[in-house]
Amino acid sequence: MKKDLNRKDKVFQTAARLFYQNGYRSIGVDTLAAESGIGKMTLYRHYPSKDELIVAYLKASDELFWKSFDQITESAPTGREKLLAFFQSLQDYVLTPACYGCPFLNVATEYPDIHYAGHQVAIDHKQSVRARFRQLAQETGAKKPDILADQLFLLMDGAYMAARMFGTQNPAAHLADAAQSLIDSASK
């Protein structure tokens with residue numbers, strides 16, 4: 001049983017890396033099996049379809065996002081400082097070679113059908129992010145927290161797309177300053 005769990009984890013880790021770097025549609029089951037060193041039958045035993053593997057990856061990405069978000073913001077005492085800490089961290093990340101954009105934007109782009117299971121996971125994730133930004137915008141004392149939350153949301157997703165499109169030399173080099181400007185102007 002332990003060997004089977006290790007194989008499942010190996011398939012998952014391989015899929016996570018390949019999906020994030022190369023996209024979902026460009027990675028087939030044959031590639032996943034070859035890259036992970038796991039036979040296709042074993043792969044299908046753990047993940048009966050590629051779509052199920054994509055959904056598992058997105059759910060794990062959601063958990064990782066929120067764990068990271070909480071770690072980044074835990075020592076910030078105010079909503080304003082939490083938002084600034086998040087956007088500074090995001091700026092640092094999107095300027096690294098490790099960033100290939102946002103797995104949720106990537107899946108929505110590759111699978112635009114709103115009813116596709118992966119697209120639904122992406123929508124749920126993005127709605128949760130908007131809700132958290134709205135909560136933190138309220139804590140900043142923003143006069144229109146819904147508008148500030150949506151502006152910050154678009155800023156975040158723009159940074160992810162800039163990283164995906166341009167790599168490390170992308171316009172997100174001033175992301176934290178842009179977030180601070182939005183936050184400060186929303187409170188005036």
# chains A, B, ... in the order shown; residues from 1 in each chain; ligands from 1

call {"tool": "residues_around", "arguments": {"residues": "Asp146 (chain A)", "least_positions_apart": "3", "cutoff": "9 Å", "atoms": "only C-alpha atoms", "output": "list in words"}}
result
Arg130, Ala131, Phe133, Arg134, Gln135, Ala137, Gln138, Ala142, Ala149, Asp150 and Gln151 of chain A

call {"tool": "write_last_selection", "arguments": {"atoms": "N, CA, C and O atoms", "output": "PDB file, in the first residue's frame"}}
result
ATOM      1  N   ARG A 130     -11.481  37.193  -3.936  1.00  0.00           N
ATOM      2  CA  ARG A 130     -12.215  38.465  -3.950  1.00  0.00           C
ATOM      3  C   ARG A 130     -12.865  38.731  -2.591  1.00  0.00           C
ATOM      4  O   ARG A 130     -12.845  39.868  -2.106  1.00  0.00           O
ATOM      5  N   ALA A 131     -13.417  37.712  -1.988  1.00  0.00           N
ATOM      6  CA  ALA A 131     -14.056  37.878  -0.679  1.00  0.00           C
ATOM      7  C   ALA A 131     -13.027  38.273   0.384  1.00  0.00           C
ATOM      8  O   ALA A 131     -13.295  39.150   1.211  1.00  0.00           O
ATOM      9  N   PHE A 133     -10.123  39.794  -0.151  1.00  0.00           N
ATOM     10  CA  PHE A 133      -9.722  41.177  -0.453  1.00  0.00           C
ATOM     11  C   PHE A 133     -10.802  42.161   0.020  1.00  0.00           C
ATOM     12  O   PHE A 133     -10.483  43.219   0.555  1.00  0.00           O
ATOM     13  N   ARG A 134     -12.061  41.818  -0.165  1.00  0.00           N
ATOM     14  CA  ARG A 134     -13.163  42.676   0.272  1.00  0.00           C
ATOM     15  C   ARG A 134     -13.130  42.842   1.794  1.00  0.00           C
ATOM     16  O   ARG A 134     -13.266  43.958   2.313  1.00  0.00           O
ATOM     17  N   GLN A 135     -12.919  41.740   2.500  1.00  0.00           N
ATOM     18  CA  GLN A 135     -12.843  41.802   3.965  1.00  0.00           C
ATOM     19  C   GLN A 135     -11.686  42.693   4.403  1.00  0.00           C
ATOM     20  O   GLN A 135     -11.844  43.560   5.266  1.00  0.00           O
ATOM     21  N   ALA A 137     -10.216  45.001   2.622  1.00  0.00           N
ATOM     22  CA  ALA A 137     -10.492  46.377   2.185  1.00  0.00           C
ATOM     23  C   ALA A 137     -11.402  47.075   3.191  1.00  0.00           C
ATOM     24  O   ALA A 137     -11.205  48.264   3.493  1.00  0.00           O
ATOM     25  N   GLN A 138     -12.363  46.354   3.734  1.00  0.00           N
ATOM     26  CA  GLN A 138     -13.221  46.928   4.781  1.00  0.00           C
ATOM     27  C   GLN A 138     -12.386  47.291   6.002  1.00  0.00           C
ATOM     28  O   GLN A 138     -12.569  48.351   6.598  1.00  0.00           O
ATOM     29  N   ALA A 142     -11.605  51.554   3.688  1.00  0.00           N
ATOM     30  CA  ALA A 142     -11.913  52.015   2.338  1.00  0.00           C
ATOM     31  C   ALA A 142     -13.372  52.452   2.267  1.00  0.00           C
ATOM     32  O   ALA A 142     -14.253  51.791   2.811  1.00  0.00           O
ATOM     33  N   ALA A 149     -11.508  46.028  -3.527  1.00  0.00           N
ATOM     34  CA  ALA A 149     -11.251  44.586  -3.628  1.00  0.00           C
ATOM     35  C   ALA A 149     -11.148  44.154  -5.081  1.00  0.00           C
ATOM     36  O   ALA A 149     -10.234  43.403  -5.452  1.00  0.00           O
ATOM     37  N   ASP A 150     -12.053  44.637  -5.906  1.00  0.00           N
ATOM     38  CA  ASP A 150     -12.018  44.264  -7.322  1.00  0.00           C
ATOM     39  C   ASP A 150     -10.789  44.837  -8.022  1.00  0.00           C
ATOM     40  O   ASP A 150     -10.186  44.180  -8.870  1.00  0.00           O
ATOM     41  N   GLN A 151     -10.399  46.048  -7.665  1.00  0.00           N
ATOM     42  CA  GLN A 151      -9.196  46.641  -8.252  1.00  0.00           C
ATOM     43  C   GLN A 151      -7.957  45.824  -7.878  1.00  0.00           C
ATOM     44  O   GLN A 151      -7.106  45.550  -8.733  1.00  0.00           O
TER      45      GLN A 151
END

call {"tool": "residues_around", "arguments": {"residues": "region 17-28 of chain A", "least_positions_apart": "2", "cutoff": "7 Å", "atoms": "only C-alpha atoms", "output": "list in words"}}
result
Gln13, Thr14, Ala15, Asp30, Thr31, Leu32, Tyr100, Pro103, Asn106, Val107 and Glu110 of chain A

call {"tool": "atom_distance", "arguments": {"atom1": "CA of Pro77 (chain A)", "atom2": "CA of Glu139 (chain A)"}}
result
10.6 Å

call {"tool": "select_by_dssp", "arguments": {"residues": "region 5-187 of chain A", "states": "helix (DSSP H, G or I)", "output": "ChimeraX atom specification"}}
result
/A:5-22,29-36,40-46,50-73,79-94,103-110,117-140,145-166,171-186

call {"tool": "closest_residue", "arguments": {"among": "A:Ala159, A:Ile54, A:Leu148, A:Ala60", "to": "Tyr116 (chain A)", "atoms": "only C-alpha atoms"}}
result
A:Ile54

call {"tool": "closest_atom_pairs", "arguments": {"of": "region 44-118 of chain A", "to": "region 162-173 of chain A", "cutoff": "8 Å", "atoms": "only C-alpha atoms", "output": "tab-separated table"}}
result
residue	atom	partner	partner_atom	distance
A:Gln91	CA	A:Ala172	CA	6.2
A:Val94	CA	A:Ala163	CA	5.5
A:Leu95	CA	A:Thr168	CA	4.6
A:Thr96	CA	A:Thr168	CA	5.5
A:Pro97	CA	A:Thr168	CA	5.9
A:Cys99	CA	A:Ala163	CA	6.6
A:Tyr100	CA	A:Arg164	CA	4.9
A:Gly101	CA	A:Arg164	CA	4.5
A:Cys102	CA	A:Arg164	CA	8.0

call {"tool": "closest_residue", "arguments": {"among": "A:Leu182, A:Leu136, A:His125, A:Arg7", "to": "Ala76 (chain A)", "atoms": "only C-alpha atoms"}}
result
A:Leu136
